[in-house]
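Single-structure report; data block below.
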Amino acid sequence: MVRLMVDAPAASSDESAVDAFLHGGRPQEHPAQGEPSLRHAPGPYFGNYGGRWMPESLIAALDELEDTFEKAKADPEFTAQIADLNKNYSGRPSLLTEAKRFAEHAGGVRIFLKREDLNHTGSHKINNVLGQALLAKRMGKTRVIAETGAGQHGVASATAAALLGLECVVYMGAEDCRRQSLNVARMELLGATVIPVTNGSQTLKDAINEALRDWVANVGNTHYLLGTAAGAHPFPAMVRYFHEVIGEEARAQILDQTGRLPDAVCACIGGGSNAIGIFHGFLDDTSVKIYGFEAGGEGVETGRHAATITLGKPGVLHGARSYLMQDDDGQTIESHSISAGLDYPGVGPEHSYLADIGRVSYEPITDSEAMEAFRLLCRTEGIIPAIESAHALAGAIKVGQRLEAEVAAGAAAGTAAEKIVIVNLSGRGDKDVATAAEWFDLLDKDSPEAEIAKEGEQL
Amino acid sequence: MSTSQDGNQNAAQHASKSAAAIDRARAHGRAALIGYLPAGYPSVEDTIAAGIALAENGADLIEIGIPYSDPVMDGQVIQAATTEALAKGFRVREVFDVVRGITSKTDAAVLVMTYWNPVVRMGVDEFSRRLAEAGGAGLITPDLIPDEAAEWMAASDKYGLDRVFLVAPSSSPERMKRTVDASRGFVYAVSIMGVTGARTSVSSAARNVVAAAHAAGAERVCVGLGVSNAGHVREIAEYADGVIVGTALVAAIRDGGVDAVASLTKDLSTGLTKEEA
């Protein structure tokens with residue numbers, strides 16, 4: 001299948017990349033029906049995806065990071081530090097909240113929200129930045145750099161840097177800086193320096209390019225705190241590791257609250273870090289269907305979207321082989337989404353692999369569908385979700401309705417009311433109020449907020 | 001120069017054009033001059049004309065860069081040029097027109113420098129076939145390391161193309177050896193930890209990288225990044241087999257067109273002769 005399209009990884013020429021994927025890493029915890037565990041894939045390859053498509057100048061830094069990470073995972077002091085920060089700084093475990101009124105609109109199945117929006121800084125991002133900032137300290141680095149789109153990862157990085165006494169520089173597309181000026185102020189309040197990126201399309205991917213240029217020039221004292229489960233090895237497996245707590249908590253909580261595993265788990269996908277975190281908990285539970293919802297933008301048929309797996313082709317960008325939005329020449333295509341956090345033309349390599357083997361279903365959700373789900377959650381549950389997370393909510397409505405239809409057709413046992421769907425509510429929507437107010441036409445036409453929101457819409 | 005079995009077998013079948021060009025310079029008692037130009041900037045015709053001017057004024061090898069949407073190893077000057085080329089509609093297949101246009105008029109070895117995804121998209125074998133057909137010498141691959149290059153190793157052997165990998169001040173001895181072994185034609189020594197762009201002085205790290213590459217078995221090591229004037233060329237020519245100039249040439253074509261490329265090349269080439277120790 002994919003084999004024909006890709007380079008064979010030379011590093012593991014003696015055994016197939018698939019074997020390396022299946023046999024490396026930690027012991028299998030839930031080997032289901034003799035199937036090898038998918039939960040702890042160690043990289044560097046996920047099937048034919050992943051690897052290190054990076055300048056030689058950075059390979060030594062990636063080796064150092066991998067070595068530090070592997071040793072830290074095995075060090076009880078490090079894992080205790082992470083557990084302590086998760087509990088006493090981030091506020092974990094995050095709640096698992098049943099959304100009963102929202103569920104009435106999703107075929108009447110039971111819907112549970114994994115409340116990453118309640119974490120310190122308002123999203124799942126804090127899990128990863130604390131882990132990586134601790135690794136930076138272990139490596140003796142005094143400076144961290146990060147990329148950010150809407151500002152969530154930048155704010156989280158600035159937070160971790162402040163907590164641990166590290167210098168922090170955040171690269172952000174110039175257009176994003178302008179429309180997210182409050183998030184720029186938040187980062188600066190936290191002591192970070194925000195550098196507007198005016199190269200290329202001035203969006204998230206260009207912010208990553210600029211961060212990589214900084215890293216190659218300052219790698220001696222600088223750690224690149226990548227914000228998603230993409231990039232060169234060890235980033236995809238490492239970022240997942242720091243987010244695995246989401247899935248592990250959710251699995252224990254659903255067993256505790258309902259006495260059984262869910263029928264489905266839903267998450268939104270940009271680069272895919274919140275998704276791989278919650279998926280991790282359920283990948284080896286073959287009875288659980290897993291869904292990743294990509295940003296369909298104005299509709300995948302319009303070309304203005306960020307549905308990388310749905311419509312992309314394998315390629316290499318920012319250090320990993322994965323699905324990629326690209327033209328016939330291999331030039332990266334600009335993505336479009338109402339959600340800045342999903343507005344990225346690539347996706348983490350583990351997701352590409354999980355898509356190819358069919359373990360996870362990836363589907364697009366349009367801006368309109370996401371915003372309807374956004375409003376629905378506000379009105380039925382009193383929770384304002386991040387627009388990113390609203391894509392997962394919109395997907396969960398579809399999944400719930402399909403489950404109901406299967407029950408009605410006799411294709412599934414039990415009743416719809418017995419079906420259980422978990423949605424990863426990856427972040428809160430405070431940052432999105434201006435965008436949502438514009439979308440729903442809630443602003444006075446002449447207000448400054450309307451002006452700002454309009455600019456956001458145009459991007 | 002490759003010490004791999006495949007490399008030796010194929011070295012016998014296909015003489016390396018890059019190695020031959022460097023060896024010709026060496027026979028004249030000097031280092032080789034390698035000039036970089038981005039394809040399609042300001043137009044495909046200009047790139048061909050500037051490439052010919054490079055060859056006629058002292059360049060032994062020419063690197064033609066493929067404009068790419070995400071050039072993480074490039075500084076502002078080259079980014080601006082390649083962004084403009086893409087905005088004007090440059091297509092990857094036009095790089096073969098540029099290579100043919102230069103190789104049909106000069107004896108210079110012409111390599112293509114490219115980020116890897118455009119090659120992946122066309123197909124590594126197909127890209128290699130067309131490059132060889134256009135008279136190209138091989139590829140310089142700034143974001144492809146030998147660890148990921150199995151398909152390119154096979155295609156470059158099949159079509160007799162040089163594979164120029166990069167080594168850096170940060171390369172470990174093991175990686176240095178592995179990269180030198182995987183390379184054919186020459187090894188590209190990155191002079192500094194950073195991206196392309198003119199600098200006031202050449203990093204002292206360059207000398208160490210070249211020494212390490214030679215010690216690892218490389219017969220030809222050329223230095224790039226930050227080299228912008230005849231003084232830099234003279235300094236590097238003392239210890240390296242070739243000197244690579246990029247940003248300064250791009251600024252020249254930007255500001256003064258093909259004529260400026262010709263006169264800068266002539267000036268740069270005055271630094272090539274190794275001073276007797």
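The chains in the structure tokens are called A, B, ... from first to last as shown; in each chain the residues are counted from 1, and the ligands are counted from 1 in the order shown.
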Within 6 Å of chain A: residues of chain B, using only C-alpha atoms, as a ChimeraX atom specification: /B:69,72,92,117-118,121,142-144,147-148,150-151,168,170,193-194
Would you mind exporting C-alpha atoms of the selected residues as a short mmCIF file (atom, residue, chain, number, x, y, z; two decimals), in the first residue's frame?
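Contents of part_24.cif, as written:
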data_model
loop_
_atom_site.label_atom_id
_atom_site.label_comp_id
_atom_site.auth_asym_id
_atom_site.auth_seq_id
_atom_site.Cartn_x
_atom_site.Cartn_y
_atom_site.Cartn_z
CA SER B 69 7.35 26.89 0.44
CA VAL B 72 13.96 26.15 7.05
CA VAL B 92 9.58 22.26 -10.09
CA ASN B 117 9.39 17.11 -0.36
CA PRO B 118 9.34 18.33 -4.00
CA ARG B 121 6.13 14.43 -4.70
CA PRO B 142 19.74 20.13 3.16
CA ASP B 143 16.92 18.32 4.97
CA LEU B 144 17.66 14.74 3.99
CA ASP B 147 19.35 7.66 7.68
CA GLU B 148 16.24 8.52 5.61
CA ALA B 150 17.39 4.66 1.13
CA GLU B 151 15.31 5.51 -1.92
CA ALA B 168 27.82 20.26 10.60
CA SER B 170 27.40 19.45 15.70
CA MET B 193 25.31 26.54 13.30
CA GLY B 194 22.70 28.67 11.55
#
List the neighbours of Gly217 (chain B) out to 12 Å using only C-alpha atoms; skip same-chain residues closer than 2 positions along the sequence, and give me the result as a list in words. Met1, Ser2, Thr3, Ser4, Pro173, Met176, Lys177, Arg178, Thr179, Val180, Asp181, Ala182, Ser183, Arg184, Phe186, Val187, Val210, Ala211, Ala212, Ala213, His214, Ala215, Glu219, Arg220 and Val221 of chain B
Just want the 10 Å neighbourhood of Val245 (chain A), counted on only C-alpha atoms, with same-chain residues fewer than 2 positions away dropped. Output as a ChimeraX atom specification. /A:83,86,92-94,127,240-243,247-251,277-278,280-281
File dump, residues just selected, C-alpha atoms, as a CSV table (one decimal), in the first residue's frame:
chain,number,residue,atom,x,y,z
A,83,ALA,CA,2.7,13.9,38.7
A,86,ASN,CA,-0.1,17.8,37.1
A,92,ARG,CA,-5.4,17.3,37.4
A,93,PRO,CA,-7.1,15.0,37.2
A,94,SER,CA,-9.4,16.9,34.9
A,127,ASN,CA,0.6,18.8,30.0
A,240,ARG,CA,2.1,11.9,23.2
A,241,TYR,CA,3.8,10.6,26.4
A,242,PHE,CA,3.1,13.9,28.2
A,243,HIS,CA,-0.6,13.8,27.0
A,247,GLY,CA,-6.6,9.0,28.1
A,248,GLU,CA,-5.5,7.1,31.2
A,249,GLU,CA,-7.7,9.4,33.4
A,250,ALA,CA,-10.6,9.2,31.0
A,251,ARG,CA,-10.5,5.4,30.8
A,277,GLY,CA,-3.4,11.8,24.3
A,278,ILE,CA,-7.0,10.6,24.8
A,280,HIS,CA,-3.8,6.4,23.9
A,281,GLY,CA,-6.2,5.3,26.7
Filtered DSSP result for region 61-195 of chain A, state helix (DSSP H, G or I), as a VMD selection string: chain A and resid 61 to 73 76 to 90 100 to 103 116 to 118 120 to 122 125 to 138 152 to 164 174 to 179 181 to 189
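Here CA of Val197 (chain A) stands at a distance of 20.2 Å from CA of Gly270 (chain A).
With only C-alpha atoms as the basis for measurement, B:Thr47 is the residue among B:Asn208, B:Asn229, B:Ser18, B:Thr47 that approaches Ala85 (chain B) most closely.
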Applying 9 Å and only C-alpha atoms, which residues near region 387-397 of chain A remain after dropping the ones on its own chain fewer than 5 positions away? List them as a VMD selection string. chain A and resid 102 to 103 105 to 107 111 264 to 270 291 to 295 338 to 342 363 to 367 369 to 375 377 402 421 to 429 432 436
Please report, as an NGL selection string, each residue of region 217-418 of chain A to which DSSP assigns strand (DSSP E or B) when run on this structure's backbone. :A and (222-224 or 264-269 or 289-297 or 306 or 313-317 or 319-324 or 326 or 332 or 346 or 360-366 or 385)
Selection to disk with N, CA and C atoms, as a short mmCIF file (atom, residue, chain, number, x, y, z; two decimals), in the first residue's frame:
data_model
loop_
_atom_site.label_atom_id
_atom_site.label_comp_id
_atom_site.auth_asym_id
_atom_site.auth_seq_id
_atom_site.Cartn_x
_atom_site.Cartn_y
_atom_site.Cartn_z
N THR A 222 19.42 26.28 23.77
CA THR A 222 17.98 26.42 23.52
C THR A 222 17.30 25.08 23.25
N HIS A 223 16.13 24.90 23.87
CA HIS A 223 15.27 23.75 23.54
C HIS A 223 14.08 24.26 22.74
N TYR A 224 13.76 23.56 21.66
CA TYR A 224 12.57 23.91 20.89
C TYR A 224 11.39 23.15 21.49
N ALA A 264 -17.51 4.88 21.85
CA ALA A 264 -16.71 5.71 20.94
C ALA A 264 -15.99 6.81 21.71
N VAL A 265 -14.84 7.23 21.15
CA VAL A 265 -14.06 8.34 21.69
C VAL A 265 -13.82 9.32 20.54
N CYS A 266 -14.05 10.62 20.81
CA CYS A 266 -13.94 11.64 19.77
C CYS A 266 -12.96 12.74 20.19
N ALA A 267 -12.17 13.22 19.23
CA ALA A 267 -11.28 14.35 19.50
C ALA A 267 -11.08 15.13 18.21
N CYS A 268 -10.70 16.39 18.36
CA CYS A 268 -10.36 17.20 17.19
C CYS A 268 -8.88 16.99 16.86
N ILE A 269 -8.54 17.23 15.57
CA ILE A 269 -7.16 17.01 15.12
C ILE A 269 -6.65 18.22 14.35
N LYS A 289 -14.68 2.44 19.32
CA LYS A 289 -14.41 3.11 18.05
C LYS A 289 -13.78 4.46 18.34
N ILE A 290 -12.80 4.83 17.53
CA ILE A 290 -12.07 6.07 17.78
C ILE A 290 -12.18 6.98 16.55
N TYR A 291 -12.51 8.25 16.82
CA TYR A 291 -12.71 9.22 15.74
C TYR A 291 -11.86 10.46 15.95
N GLY A 292 -11.21 10.88 14.86
CA GLY A 292 -10.49 12.15 14.86
C GLY A 292 -11.18 13.10 13.89
N PHE A 293 -11.51 14.30 14.36
CA PHE A 293 -12.24 15.24 13.50
C PHE A 293 -11.33 16.39 13.08
N GLU A 294 -11.11 16.45 11.77
CA GLU A 294 -10.25 17.47 11.18
C GLU A 294 -11.06 18.70 10.84
N ALA A 295 -10.35 19.81 10.62
CA ALA A 295 -11.03 21.05 10.28
C ALA A 295 -11.40 21.05 8.79
N GLY A 296 -12.70 20.99 8.52
CA GLY A 296 -13.17 21.00 7.14
C GLY A 296 -13.33 22.40 6.58
N GLY A 297 -13.06 23.41 7.40
CA GLY A 297 -13.10 24.79 6.92
C GLY A 297 -14.42 25.13 6.27
N ALA A 306 -8.56 22.37 6.36
CA ALA A 306 -7.32 21.87 6.95
C ALA A 306 -7.46 20.37 7.20
N LYS A 313 -1.75 14.09 0.94
CA LYS A 313 -0.96 12.97 0.43
C LYS A 313 0.32 12.88 1.26
N PRO A 314 0.90 11.68 1.38
CA PRO A 314 2.11 11.58 2.18
C PRO A 314 3.24 12.46 1.65
N GLY A 315 3.94 13.08 2.56
CA GLY A 315 5.08 13.93 2.20
C GLY A 315 5.90 14.19 3.45
N VAL A 316 6.91 15.04 3.33
CA VAL A 316 7.71 15.37 4.51
C VAL A 316 7.65 16.88 4.76
N LEU A 317 7.38 17.24 6.00
CA LEU A 317 7.35 18.65 6.41
C LEU A 317 7.70 18.73 7.89
N GLY A 319 10.10 17.87 9.58
CA GLY A 319 10.84 16.79 10.23
C GLY A 319 10.22 15.41 10.18
N ALA A 320 8.97 15.29 9.75
CA ALA A 320 8.33 13.97 9.75
C ALA A 320 7.69 13.68 8.41
N ARG A 321 7.65 12.39 8.06
CA ARG A 321 6.83 11.97 6.94
C ARG A 321 5.42 11.74 7.49
N SER A 322 4.44 12.32 6.83
CA SER A 322 3.07 12.18 7.28
C SER A 322 2.16 12.66 6.15
N TYR A 323 0.85 12.58 6.37
CA TYR A 323 -0.03 13.20 5.40
C TYR A 323 0.21 14.70 5.43
N LEU A 324 0.03 15.33 4.27
CA LEU A 324 0.41 16.72 4.11
C LEU A 324 -0.46 17.35 3.03
N GLN A 326 -0.53 19.48 0.10
CA GLN A 326 0.52 19.93 -0.81
C GLN A 326 -0.02 19.93 -2.23
N THR A 332 3.81 23.19 0.06
CA THR A 332 2.77 23.13 1.08
C THR A 332 1.63 24.08 0.72
N GLY A 346 -0.25 20.11 8.12
CA GLY A 346 0.31 18.79 8.40
C GLY A 346 -0.46 18.11 9.51
N VAL A 360 -8.27 4.25 13.62
CA VAL A 360 -8.98 5.50 13.91
C VAL A 360 -9.62 6.01 12.62
N SER A 361 -10.86 6.51 12.71
CA SER A 361 -11.52 7.11 11.55
C SER A 361 -11.36 8.62 11.61
N TYR A 362 -10.89 9.19 10.53
CA TYR A 362 -10.69 10.64 10.48
C TYR A 362 -11.70 11.24 9.51
N GLU A 363 -12.43 12.25 9.98
CA GLU A 363 -13.47 12.86 9.17
C GLU A 363 -13.39 14.38 9.31
N PRO A 364 -13.80 15.10 8.25
CA PRO A 364 -13.80 16.56 8.34
C PRO A 364 -15.08 17.10 8.96
N ILE A 365 -14.96 18.20 9.68
CA ILE A 365 -16.09 18.95 10.24
C ILE A 365 -15.97 20.38 9.73
N THR A 366 -17.02 20.92 9.15
CA THR A 366 -16.92 22.28 8.59
C THR A 366 -16.99 23.33 9.70
N PRO A 385 -16.84 26.09 24.82
CA PRO A 385 -15.67 25.30 24.41
C PRO A 385 -14.75 26.09 23.49
#
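The residue that comes closest to Gly271 (chain B), out of B:Ala21, B:Val243, B:Ala39, B:Ala252 and on the basis of only C-alpha atoms, is B:Val243.
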